[in-house]
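Asker: Pasting coords-v1.cif below, which is mmCIF, C-alpha atoms; chains and numbers go by the auth columns.
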data_coords
loop_
_atom_site.group_PDB
_atom_site.id
_atom_site.type_symbol
_atom_site.label_atom_id
_atom_site.label_comp_id
_atom_site.label_asym_id
_atom_site.label_seq_id
_atom_site.Cartn_x
_atom_site.Cartn_y
_atom_site.Cartn_z
_atom_site.B_iso_or_equiv
_atom_site.auth_seq_id
_atom_site.auth_asym_id
ATOM 1 C CA MET A 1 124.926 88.539 43.370 0.00 1 A
ATOM 2 C CA SER A 2 127.267 87.180 40.737 0.00 2 A
ATOM 3 C CA ARG A 3 126.440 87.572 37.063 0.00 3 A
ATOM 4 C CA ASN A 4 128.034 85.880 34.109 0.00 4 A
ATOM 5 C CA PRO A 5 129.224 88.853 31.994 0.00 5 A
ATOM 6 C CA GLY A 6 128.998 86.658 28.906 0.00 6 A
ATOM 7 C CA ARG A 7 125.208 86.577 29.213 0.00 7 A
ATOM 8 C CA PRO A 8 122.993 89.385 27.865 0.00 8 A
ATOM 9 C CA LEU A 9 121.537 91.795 30.425 0.00 9 A
ATOM 10 C CA SER A 10 117.755 92.033 30.426 0.00 10 A
ATOM 11 C CA PRO A 11 116.317 95.483 29.629 0.00 11 A
ATOM 12 C CA HIS A 12 115.827 97.303 32.897 0.00 12 A
ATOM 13 C CA LEU A 13 113.640 100.013 34.444 0.00 13 A
ATOM 14 C CA THR A 14 115.400 102.937 32.780 0.00 14 A
ATOM 15 C CA ILE A 15 114.435 102.029 29.209 0.00 15 A
ATOM 16 C CA TRP A 16 110.663 101.853 29.759 0.00 16 A
ATOM 17 C CA LYS A 17 108.260 104.733 29.291 0.00 17 A
ATOM 18 C CA TRP A 18 106.430 105.231 32.601 0.00 18 A
ATOM 19 C CA GLY A 19 102.779 104.224 32.615 0.00 19 A
ATOM 20 C CA PRO A 20 100.067 104.266 35.301 0.00 20 A
ATOM 21 C CA HIS A 21 100.486 100.525 35.945 0.00 21 A
ATOM 22 C CA MET A 22 104.176 101.039 36.803 0.00 22 A
ATOM 23 C CA ALA A 23 103.379 104.005 39.031 0.00 23 A
ATOM 24 C CA VAL A 24 100.672 102.136 40.932 0.00 24 A
ATOM 25 C CA SER A 25 102.953 99.141 41.381 0.00 25 A
ATOM 26 C CA ILE A 26 105.787 101.141 42.921 0.00 26 A
ATOM 27 C CA LEU A 27 103.312 103.219 44.962 0.00 27 A
ATOM 28 C CA HIS A 28 102.047 99.964 46.492 0.00 28 A
ATOM 29 C CA ARG A 29 105.561 99.167 47.695 0.00 29 A
ATOM 30 C CA VAL A 30 106.366 102.713 48.813 0.00 30 A
ATOM 31 C CA THR A 31 103.141 103.164 50.777 0.00 31 A
ATOM 32 C CA GLY A 32 103.424 99.640 52.210 0.00 32 A
ATOM 33 C CA SER A 33 106.956 100.313 53.444 0.00 33 A
ATOM 34 C CA GLY A 34 105.948 103.732 54.766 0.00 34 A
ATOM 35 C CA LEU A 35 102.940 102.352 56.617 0.00 35 A
ATOM 36 C CA ALA A 36 104.999 99.506 58.078 0.00 36 A
ATOM 37 C CA VAL A 37 107.543 101.905 59.568 0.00 37 A
ATOM 38 C CA VAL A 38 105.626 105.106 60.371 0.00 38 A
ATOM 39 C CA ALA A 39 102.124 103.780 61.096 0.00 39 A
ATOM 40 C CA GLY A 40 103.643 100.706 62.786 0.00 40 A
ATOM 41 C CA LEU A 41 105.713 102.821 65.188 0.00 41 A
ATOM 42 C CA GLY A 42 102.812 105.228 65.739 0.00 42 A
ATOM 43 C CA PHE A 43 100.413 102.383 66.521 0.00 43 A
ATOM 44 C CA VAL A 44 102.841 100.832 69.042 0.00 44 A
ATOM 45 C CA TRP A 45 103.539 104.237 70.592 0.00 45 A
ATOM 46 C CA TRP A 46 99.780 104.935 70.919 0.00 46 A
ATOM 47 C CA LEU A 47 99.115 101.606 72.669 0.00 47 A
ATOM 48 C CA VAL A 48 102.200 101.668 74.902 0.00 48 A
ATOM 49 C CA ALA A 49 101.354 105.240 75.931 0.00 49 A
ATOM 50 C CA ALA A 50 97.730 104.301 76.669 0.00 50 A
ATOM 51 C CA ALA A 51 98.886 101.324 78.764 0.00 51 A
ATOM 52 C CA SER A 52 101.526 103.389 80.589 0.00 52 A
ATOM 53 C CA GLY A 53 99.114 105.977 81.987 0.00 53 A
ATOM 54 C CA ALA A 54 97.574 109.397 81.507 0.00 54 A
ATOM 55 C CA ASN A 55 100.873 111.323 81.395 0.00 55 A
ATOM 56 C CA ALA A 56 102.472 109.175 78.702 0.00 56 A
ATOM 57 C CA TYR A 57 99.223 109.356 76.739 0.00 57 A
ATOM 58 C CA ALA A 58 99.132 113.152 77.040 0.00 58 A
ATOM 59 C CA THR A 59 102.649 113.301 75.553 0.00 59 A
ATOM 60 C CA PHE A 60 101.559 111.094 72.659 0.00 60 A
ATOM 61 C CA LEU A 61 98.456 113.190 72.054 0.00 61 A
ATOM 62 C CA ALA A 62 100.434 116.449 72.154 0.00 62 A
ATOM 63 C CA CYS A 63 102.812 115.129 69.461 0.00 63 A
ATOM 64 C CA ALA A 64 100.009 113.608 67.372 0.00 64 A
ATOM 65 C CA THR A 65 98.033 116.872 67.321 0.00 65 A
ATOM 66 C CA SER A 66 101.023 119.116 66.622 0.00 66 A
ATOM 67 C CA PRO A 67 101.401 120.514 63.073 0.00 67 A
ATOM 68 C CA ILE A 68 104.015 117.839 62.280 0.00 68 A
ATOM 69 C CA GLY A 69 101.696 115.235 63.760 0.00 69 A
ATOM 70 C CA TYR A 70 98.907 116.374 61.423 0.00 70 A
ATOM 71 C CA LEU A 71 101.302 116.276 58.465 0.00 71 A
ATOM 72 C CA PHE A 72 102.206 112.666 59.304 0.00 72 A
ATOM 73 C CA ALA A 73 98.537 111.800 59.821 0.00 73 A
ATOM 74 C CA ILE A 74 97.548 113.201 56.414 0.00 74 A
ATOM 75 C CA GLY A 75 100.412 111.309 54.757 0.00 75 A
ATOM 76 C CA LEU A 76 99.427 108.109 56.538 0.00 76 A
ATOM 77 C CA THR A 77 95.769 108.559 55.553 0.00 77 A
ATOM 78 C CA TRP A 78 96.743 108.825 51.900 0.00 78 A
ATOM 79 C CA SER A 79 99.207 105.894 52.224 0.00 79 A
ATOM 80 C CA PHE A 80 96.511 103.798 53.892 0.00 80 A
ATOM 81 C CA PHE A 81 93.946 104.432 51.140 0.00 81 A
ATOM 82 C CA GLN A 82 96.573 104.011 48.407 0.00 82 A
ATOM 83 C CA HIS A 83 97.873 100.688 49.782 0.00 83 A
ATOM 84 C CA LEU A 84 94.297 99.517 50.375 0.00 84 A
ATOM 85 C CA SER A 85 93.070 100.331 46.861 0.00 85 A
ATOM 86 C CA SER A 86 96.158 98.998 45.061 0.00 86 A
ATOM 87 C CA GLY A 87 95.906 95.947 47.343 0.00 87 A
ATOM 88 C CA VAL A 88 92.335 95.322 46.178 0.00 88 A
ATOM 89 C CA ARG A 89 93.625 95.744 42.590 0.00 89 A
ATOM 90 C CA HIS A 90 96.120 92.964 43.345 0.00 90 A
ATOM 91 C CA PHE A 91 93.284 90.661 44.418 0.00 91 A
ATOM 92 C CA VAL A 92 91.611 91.244 41.043 0.00 92 A
ATOM 93 C CA LEU A 93 94.877 90.636 39.154 0.00 93 A
ATOM 94 C CA ASP A 94 95.484 87.508 41.269 0.00 94 A
ATOM 95 C CA VAL A 95 92.383 85.833 39.843 0.00 95 A
ATOM 96 C CA GLY A 96 93.660 86.587 36.352 0.00 96 A
ATOM 97 C CA ALA A 97 91.312 89.468 35.520 0.00 97 A
ATOM 98 C CA GLY A 98 92.060 93.010 34.379 0.00 98 A
ATOM 99 C CA TYR A 99 95.145 92.402 32.224 0.00 99 A
ATOM 100 C CA GLU A 100 93.700 93.814 28.970 0.00 100 A
ATOM 101 C CA LEU A 101 95.770 96.920 28.173 0.00 101 A
ATOM 102 C CA ARG A 102 92.955 99.462 28.286 0.00 102 A
ATOM 103 C CA THR A 103 91.252 97.942 31.367 0.00 103 A
ATOM 104 C CA ASN A 104 94.553 97.672 33.200 0.00 104 A
ATOM 105 C CA LYS A 105 95.439 101.293 32.484 0.00 105 A
ATOM 106 C CA THR A 106 91.983 102.607 33.452 0.00 106 A
ATOM 107 C CA TRP A 107 91.961 100.817 36.797 0.00 107 A
ATOM 108 C CA ALA A 108 95.549 101.794 37.538 0.00 108 A
ATOM 109 C CA VAL A 109 94.485 105.447 37.160 0.00 109 A
ATOM 110 C CA VAL A 110 91.320 104.934 39.253 0.00 110 A
ATOM 111 C CA VAL A 111 93.345 103.199 41.977 0.00 111 A
ATOM 112 C CA MET A 112 95.616 106.260 42.197 0.00 112 A
ATOM 113 C CA ALA A 113 92.884 108.913 41.935 0.00 113 A
ATOM 114 C CA ALA A 114 90.487 107.434 44.504 0.00 114 A
ATOM 115 C CA PRO A 115 92.925 107.606 47.481 0.00 115 A
ATOM 116 C CA LEU A 116 93.605 111.301 46.795 0.00 116 A
ATOM 117 C CA MET A 117 89.877 112.045 46.837 0.00 117 A
ATOM 118 C CA LEU A 118 89.260 109.905 49.931 0.00 118 A
ATOM 119 C CA THR A 119 92.106 111.657 51.769 0.00 119 A
ATOM 120 C CA LEU A 120 90.605 115.025 50.866 0.00 120 A
ATOM 121 C CA LEU A 121 87.166 113.811 51.983 0.00 121 A
ATOM 122 C CA VAL A 122 88.522 112.751 55.392 0.00 122 A
ATOM 123 C CA TRP A 123 90.750 115.732 56.061 0.00 123 A
ATOM 124 C CA ALA A 124 88.855 118.683 54.572 0.00 124 A
ATOM 125 C CA PRO A 125 86.210 118.727 57.364 0.00 125 A
ATOM 126 C CA ILE A 126 88.812 118.169 60.106 0.00 126 A
ATOM 127 C CA LEU A 127 91.084 120.949 58.847 0.00 127 A
ATOM 128 C CA ALA A 128 88.136 123.283 58.227 0.00 128 A
ATOM 129 C CA ARG A 129 86.997 122.789 61.822 0.00 129 A
ATOM 130 C CA ALA A 130 90.537 123.294 63.177 0.00 130 A
ATOM 131 C CA LEU A 131 90.936 126.513 61.184 0.00 131 A
ATOM 132 C CA LYS A 132 87.563 127.818 62.376 0.00 132 A
ATOM 133 C CA GLN A 133 88.462 127.089 65.999 0.00 133 A
ATOM 134 C CA GLY A 134 91.878 128.703 65.513 0.00 134 A
ATOM 135 C CA GLY A 135 90.228 131.818 64.060 0.00 135 A
ATOM 136 C CA ASN A 136 87.853 132.335 67.005 0.00 136 A
ATOM 137 C CA MET B 1 133.271 81.354 48.052 0.00 1 B
ATOM 138 C CA GLY B 2 135.883 78.595 47.764 0.00 2 B
ATOM 139 C CA GLY B 3 136.050 75.546 45.549 0.00 3 B
ATOM 140 C CA GLY B 4 134.202 72.819 47.418 0.00 4 B
ATOM 141 C CA THR B 5 131.703 70.523 45.851 0.00 5 B
ATOM 142 C CA GLY B 6 129.028 71.669 43.435 0.00 6 B
ATOM 143 C CA ILE B 7 126.261 71.154 45.985 0.00 7 B
ATOM 144 C CA GLY B 8 128.267 73.044 48.629 0.00 8 B
ATOM 145 C CA ARG B 9 128.530 76.089 46.388 0.00 9 B
ATOM 146 C CA VAL B 10 124.811 76.370 45.681 0.00 10 B
ATOM 147 C CA ARG B 11 123.364 75.240 49.018 0.00 11 B
ATOM 148 C CA GLY B 12 121.356 78.016 50.629 0.00 12 B
ATOM 149 C CA LEU B 13 121.228 80.117 47.478 0.00 13 B
ATOM 150 C CA GLY B 14 118.307 78.533 45.704 0.00 14 B
ATOM 151 C CA SER B 15 114.603 78.278 46.363 0.00 15 B
ATOM 152 C CA ALA B 16 113.651 77.030 49.793 0.00 16 B
ATOM 153 C CA ARG B 17 110.350 75.963 48.168 0.00 17 B
ATOM 154 C CA HIS B 18 108.536 78.354 50.491 0.00 18 B
ATOM 155 C CA GLY B 19 107.482 80.748 47.748 0.00 19 B
ATOM 156 C CA SER B 20 103.846 79.689 47.582 0.00 20 B
ATOM 157 C CA MET B 21 103.517 79.768 51.381 0.00 21 B
ATOM 158 C CA HIS B 22 104.926 83.313 51.494 0.00 22 B
ATOM 159 C CA TRP B 23 102.624 84.383 48.653 0.00 23 B
ATOM 160 C CA TRP B 24 99.541 82.769 50.191 0.00 24 B
ATOM 161 C CA ARG B 25 100.106 84.146 53.715 0.00 25 B
ATOM 162 C CA GLN B 26 100.574 87.610 52.207 0.00 26 B
ATOM 163 C CA ARG B 27 97.047 87.246 50.760 0.00 27 B
ATOM 164 C CA VAL B 28 95.499 85.770 53.896 0.00 28 B
ATOM 165 C CA THR B 29 96.849 88.610 56.040 0.00 29 B
ATOM 166 C CA ALA B 30 95.811 91.122 53.349 0.00 30 B
ATOM 167 C CA VAL B 31 92.180 90.014 53.729 0.00 31 B
ATOM 168 C CA GLY B 32 92.590 90.150 57.514 0.00 32 B
ATOM 169 C CA ASN B 33 94.024 93.666 57.272 0.00 33 B
ATOM 170 C CA LEU B 34 91.256 94.809 54.941 0.00 34 B
ATOM 171 C CA LEU B 35 88.498 93.770 57.358 0.00 35 B
ATOM 172 C CA LEU B 36 90.223 94.671 60.632 0.00 36 B
ATOM 173 C CA ALA B 37 91.823 97.958 59.556 0.00 37 B
ATOM 174 C CA VAL B 38 88.546 99.260 58.117 0.00 38 B
ATOM 175 C CA TRP B 39 86.806 98.302 61.386 0.00 39 B
ATOM 176 C CA PHE B 40 89.602 99.987 63.387 0.00 40 B
ATOM 177 C CA VAL B 41 89.591 103.267 61.450 0.00 41 B
ATOM 178 C CA ILE B 42 85.792 103.583 61.447 0.00 42 B
ATOM 179 C CA SER B 43 85.654 102.758 65.179 0.00 43 B
ATOM 180 C CA LEU B 44 88.270 105.415 65.997 0.00 44 B
ATOM 181 C CA PHE B 45 86.260 108.011 64.067 0.00 45 B
ATOM 182 C CA ARG B 46 83.081 107.014 65.905 0.00 46 B
ATOM 183 C CA LEU B 47 84.626 107.512 69.365 0.00 47 B
ATOM 184 C CA PRO B 48 83.274 110.666 71.049 0.00 48 B
ATOM 185 C CA ALA B 49 86.799 111.735 72.051 0.00 49 B
ATOM 186 C CA LEU B 50 90.366 110.418 71.881 0.00 50 B
ATOM 187 C CA ASP B 51 91.404 111.221 75.473 0.00 51 B
ATOM 188 C CA HIS B 52 93.014 108.632 77.749 0.00 52 B
ATOM 189 C CA ALA B 53 89.861 107.641 79.663 0.00 53 B
ATOM 190 C CA THR B 54 87.735 107.163 76.526 0.00 54 B
ATOM 191 C CA VAL B 55 90.419 105.263 74.627 0.00 55 B
ATOM 192 C CA THR B 56 91.357 102.874 77.457 0.00 56 B
ATOM 193 C CA ALA B 57 87.678 102.203 78.243 0.00 57 B
ATOM 194 C CA TRP B 58 87.142 101.412 74.559 0.00 58 B
ATOM 195 C CA ILE B 59 90.211 99.133 74.251 0.00 59 B
ATOM 196 C CA GLY B 60 89.237 97.327 77.451 0.00 60 B
ATOM 197 C CA GLN B 61 86.072 95.812 75.961 0.00 61 B
ATOM 198 C CA PRO B 62 86.457 92.172 74.852 0.00 62 B
ATOM 199 C CA LEU B 63 84.971 92.884 71.426 0.00 63 B
ATOM 200 C CA VAL B 64 87.565 95.600 70.896 0.00 64 B
ATOM 201 C CA ALA B 65 90.641 94.099 72.586 0.00 65 B
ATOM 202 C CA VAL B 66 90.424 90.812 70.665 0.00 66 B
ATOM 203 C CA PRO B 67 90.017 92.318 67.158 0.00 67 B
ATOM 204 C CA LEU B 68 92.790 94.785 68.055 0.00 68 B
ATOM 205 C CA VAL B 69 95.150 91.895 68.941 0.00 69 B
ATOM 206 C CA LEU B 70 94.178 90.124 65.713 0.00 70 B
ATOM 207 C CA LEU B 71 94.726 93.345 63.741 0.00 71 B
ATOM 208 C CA THR B 72 98.212 93.655 65.249 0.00 72 B
ATOM 209 C CA ILE B 73 99.123 90.070 64.319 0.00 73 B
ATOM 210 C CA SER B 74 97.698 90.381 60.796 0.00 74 B
ATOM 211 C CA VAL B 75 99.286 93.760 60.024 0.00 75 B
ATOM 212 C CA PHE B 76 102.710 93.021 61.502 0.00 76 B
ATOM 213 C CA TYR B 77 102.886 89.610 59.810 0.00 77 B
ATOM 214 C CA HIS B 78 101.746 91.164 56.513 0.00 78 B
ATOM 215 C CA PHE B 79 104.448 93.840 56.514 0.00 79 B
ATOM 216 C CA ARG B 80 107.080 91.376 57.672 0.00 80 B
ATOM 217 C CA LEU B 81 106.348 89.359 54.520 0.00 81 B
ATOM 218 C CA GLY B 82 105.999 92.423 52.277 0.00 82 B
ATOM 219 C CA LEU B 83 109.118 94.244 53.398 0.00 83 B
ATOM 220 C CA GLN B 84 111.131 91.025 53.122 0.00 84 B
ATOM 221 C CA VAL B 85 110.366 91.060 49.382 0.00 85 B
ATOM 222 C CA VAL B 86 111.310 94.752 49.185 0.00 86 B
ATOM 223 C CA VAL B 87 114.644 94.035 50.925 0.00 87 B
ATOM 224 C CA GLU B 88 115.301 91.021 48.685 0.00 88 B
ATOM 225 C CA ASP B 89 114.551 93.054 45.550 0.00 89 B
ATOM 226 C CA TYR B 90 116.523 96.215 46.262 0.00 90 B
ATOM 227 C CA ILE B 91 119.437 95.161 48.476 0.00 91 B
ATOM 228 C CA HIS B 92 121.875 93.288 46.350 0.00 92 B
ATOM 229 C CA GLU B 93 124.742 92.176 48.584 0.00 93 B
ATOM 230 C CA GLU B 94 124.139 89.128 50.716 0.00 94 B
ATOM 231 C CA ALA B 95 125.339 90.770 53.972 0.00 95 B
ATOM 232 C CA GLY B 96 122.992 93.743 53.684 0.00 96 B
ATOM 233 C CA LYS B 97 120.116 91.455 52.815 0.00 97 B
ATOM 234 C CA VAL B 98 120.682 89.300 55.908 0.00 98 B
ATOM 235 C CA PHE B 99 121.088 92.407 58.097 0.00 99 B
ATOM 236 C CA PHE B 100 117.877 94.075 56.945 0.00 100 B
ATOM 237 C CA VAL B 101 115.765 90.904 57.064 0.00 101 B
ATOM 238 C CA LEU B 102 117.061 90.338 60.613 0.00 102 B
ATOM 239 C CA LEU B 103 116.245 93.956 61.537 0.00 103 B
ATOM 240 C CA LEU B 104 112.802 93.566 59.966 0.00 104 B
ATOM 241 C CA ASN B 105 112.098 90.415 61.992 0.00 105 B
ATOM 242 C CA PHE B 106 113.172 92.068 65.240 0.00 106 B
ATOM 243 C CA TYR B 107 111.052 95.144 64.486 0.00 107 B
ATOM 244 C CA ALA B 108 107.944 93.190 63.464 0.00 108 B
ATOM 245 C CA ILE B 109 108.053 90.738 66.375 0.00 109 B
ATOM 246 C CA GLY B 110 109.167 93.325 68.940 0.00 110 B
ATOM 247 C CA GLY B 111 106.582 95.879 67.819 0.00 111 B
ATOM 248 C CA ALA B 112 103.754 93.358 67.758 0.00 112 B
ATOM 249 C CA ALA B 113 104.742 92.058 71.214 0.00 113 B
ATOM 250 C CA LEU B 114 104.711 95.595 72.665 0.00 114 B
ATOM 251 C CA ALA B 115 101.346 96.389 71.073 0.00 115 B
ATOM 252 C CA ILE B 116 99.700 93.135 72.167 0.00 116 B
ATOM 253 C CA PHE B 117 101.080 93.390 75.716 0.00 117 B
ATOM 254 C CA SER B 118 99.730 96.949 75.958 0.00 118 B
ATOM 255 C CA ILE B 119 96.284 95.956 74.687 0.00 119 B
ATOM 256 C CA LEU B 120 96.103 93.088 77.180 0.00 120 B
ATOM 257 C CA LYS B 121 97.369 95.261 80.029 0.00 121 B
ATOM 258 C CA ILE B 122 94.578 97.777 79.358 0.00 122 B
ATOM 259 C CA ALA B 123 91.995 95.020 78.886 0.00 123 B
ATOM 260 C CA PHE B 124 92.995 93.222 82.074 0.00 124 B
ATOM 261 C CA GLY B 125 92.673 96.479 83.977 0.00 125 B
ATOM 262 C CA GLY B 126 96.114 97.369 85.311 0.00 126 B
ATOM 263 C CA VAL B 127 96.163 100.951 84.062 0.00 127 B
ATOM 264 C CA PRO B 128 97.200 103.691 86.480 0.00 128 B
ATOM 265 C CA ALA B 129 94.912 106.715 86.281 0.00 129 B
#
Rewrite the structure from the file as structure tokens, please.

Answerer:
Amino acid sequence: MSRNPGRPLSPHLTIWKWGPHMAVSILHRVTGSGLAVVAGLGFVWWLVAAASGANAYATFLACATSPIGYLFAIGLTWSFFQHLSSGVRHFVLDVGAGYELRTNKTWAVVVMAAPLMLTLLVWAPILARALKQGGN
Amino acid sequence: MGGGTGIGRVRGLGSARHGSMHWWRQRVTAVGNLLLAVWFVISLFRLPALDHATVTAWIGQPLVAVPLVLLTISVFYHFRLGLQVVVEDYIHEEAGKVFFVLLLNFYAIGGAALAIFSILKIAFGGVPA
């Protein structure tokens, strides 16, 4: 991109103090990109394996339930909830609501805290059960 | 970029006047994703097991196969639009931008085609045991 050096440069990212609204905005992009690549490939792999037969599906399942598979699954769960909740926040902002400074900040924090709790809620029972089975 | 006429220098660099369409379709697919992805995740959790027989029997039902195809279209279209904006915002040279948008299109269309074909193959019953 060409820029006329005679024109002033607009203040950029580095000069702003980080706030929750900035964090939630970039998290929306990061989790969206992550989901598109990782969950997208996983979803296609799952379906192609299921359509290819029992052996291919067994390979998929073995990878998905390996420790690395669980790590990816936990990351994707959080990304899913984060992208979903910040996406709903975008719907609210789209209708022109929630721009007052205090309201905006509060909801930005809520939209980041809720996915962490939801991820914990989903995975705590699964991991507890896996650990119990591993112990026996 | 050479001399040329004024219009020749700017052609292809400005707005294609598709901004509102891009924005609107991002929202339409977002609503689609919200409904279909929540249905998909809850349904997966409600399955008694995730082995091959259970999963293929589940996907094979019309009321599962069709929403699953719609989910694939909605999600892959949504991220094609979303990641295009990410590429446009963070990749500054024209060549890289074209390369990554091309790659994104191939990935989104290729991935969706593979997923949809697989769903239909299972639903139409050609799965080897």

Asker: Decode the PyMOL selection byres ((chain B) within 9 of (chain A)) for the given file into explicit residues and return them as a PyMOL selection string.

Answerer: chain B and resi 27+30+34+50-53+55-56+75-76+79-80+82-83+86+92-94+108+111-112+114-122+126-129

Asker: Quote the spacing between CA of Trp39 in chain B and CA of Pro67 in chain B in Å to one decimal place.

Answerer: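 CA of Trp39 in chain B sits 8.9 Å away from CA of Pro67 in chain B.
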
Asker: What separation in Å, quoted to one decimal, exists between CA of Thr31 in chain A and CA of Trp78 in chain A?

Answerer: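 About the pair CA of Thr31 in chain A and CA of Trp78 in chain A: they are 8.6 Å apart.
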
Asker: To one decimal place in Å, what is the distance between CA of Gly60 in chain B and CA of Phe124 in chain B?

Answerer: 7.2 Å

Asker: Nearest residue to Gly19 in chain A out of A:Leu93, A:Ala64, A:Leu101, A:Leu76, using all atoms listed in the file?

Answerer: A:Leu101

Asker: Tell me which protein, DNA and RNA residues are within 6 Å of range 106-117 of chain A, counting all atoms listed in the file, leaving out same-chain ones fewer than 4 positions away, and put them as a ChimeraX atom specification.

Answerer: /A:20-21,78,81-82,85-86

Asker: Under the rule that only C-alpha atoms are counted, which of A:Gly134, A:Asn104, A:His83, A:Ile74 is the nearest residue to Leu120 in chain A?

Answerer: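 Smallest distance to Leu120 in chain A is found for A:Ile74.
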
Asker: Using all atoms listed in the file, pick whichever of B:Gly12, B:Thr29, B:Met21, B:Gly125 has the shortest atom-to-atom distance to Ala65 in chain B.

Answerer: B:Gly125

Asker: For Phe40 in chain B, please output as number ranges by chain all residues within 10 Å (counting only C-alpha atoms; exclusion window: fewer than 3 positions along the same chain).

Answerer: B: 33, 35-37, 43-46, 64, 67-68, 71

Asker: As lines of an AutoDock Vina configuration file, what would the box around range 103-116 of chain A look like: edges along x, y and z, 6 Å added on every side, centre and edge lengths in Å to one decimal?

Answerer:
center_x = 93.1
center_y = 104.5
center_z = 39.4
size_x = 17.1
size_y = 25.6
size_z = 28.1
